[in-house]
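Have a look at the structure below, then the notes.
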Amino acid sequence: MDNPDFAVAMDRLKQPQKKKNTGRKKIVIKKIEKSSNKQVTFSKRRAGLFKKASELCILCNVNIAIIVFSPAEKLFCFGHPDVEAIVGSYLKGAKVLVASESRGSYEESNMQYEEAVKNLALEKKNLTETEKMVKGLSRRWWEDPIDEMSERELEQFMMALYELRKKLTERAAQLFMLSIQ
């Protein structure tokens, strides 16, 4: 049992086995043919590119403008301080940046974002109400108890009754005219 090779082999067996996973692999840089894979890769890499550009702006105090068209031909821009100012100074040949007037403050952007989120929540609520109404069309809506309806539902109920009455009157007139002939 004094065999050194045997002792080394036993030590290896006692050590915990490392997980064998794929990890990061080096990919071959070539054109992606499948459109869905192309779009996914573009989205992920665009986010990484913009993040790196942002880090470069902060670390080195530089101005950057990136303009990219996606495979679906949508425009994506990143700029620090903003794309318009950088492109404008490049076209004019100026070394001094003049910030674009259209650029608002972060507070304004945040307020616009919050308002958009509120509008989105309201639209989602309206959508669920509309979906409930559409599902309810298959049932006999005229049998629903009126005292459980909201003001909006009552207005819609009343309009539906008026429309039904109008169509019934028209149909009765048609049948009357046919019976006369």
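Residues in the structure tokens are named by chain (A, B, ... in the order shown) and by number from 1 within that chain; ligands are numbered from 1 in the order shown.
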
In segment 28-167 of chain A, what's strand (DSSP E) per DSSP? Answer as a list in words? Ile64, Ala65, Ile66, Ile67, Val68, Phe69, Leu75, Phe76, Cys77, Phe78, Gly79 and His80 of chain A

Just want the 12 Å neighbourhood of segment 73-78 of chain A, counted on only C-alpha atoms, with same-chain residues fewer than 4 positions away dropped. Output as a list of chain:residue names.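 Contacts, in chain order: A:Gln39, A:Phe42, A:Ser43, A:Arg46, A:Ala47, A:Gly48, A:Leu49, A:Phe50, A:Lys51, A:Lys52, A:Ala53, A:Ser54, A:Cys57, A:Asn63, A:Ile64, A:Ala65, A:Ile66, A:Ile67, A:Val68, A:Phe69, A:Asp82, A:Val83, A:Glu84, A:Ala85, A:Ile86, A:Val87.
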
Could you pull out the residues in segment 25-73 of chain A that DSSP calls helix (DSSP H, G or I) from the backbone, as JSON, numbers by chain? {"A": [35, 36, 37, 38, 39, 40, 41, 42, 43, 44, 45, 46, 47, 48, 49, 50, 51, 52, 53, 54, 55, 56, 57, 58, 59, 60]}

Distance atom CA of Ser89 of chain A-atom CA of Leu59 of chain A, one decimal place? 21.8 Å
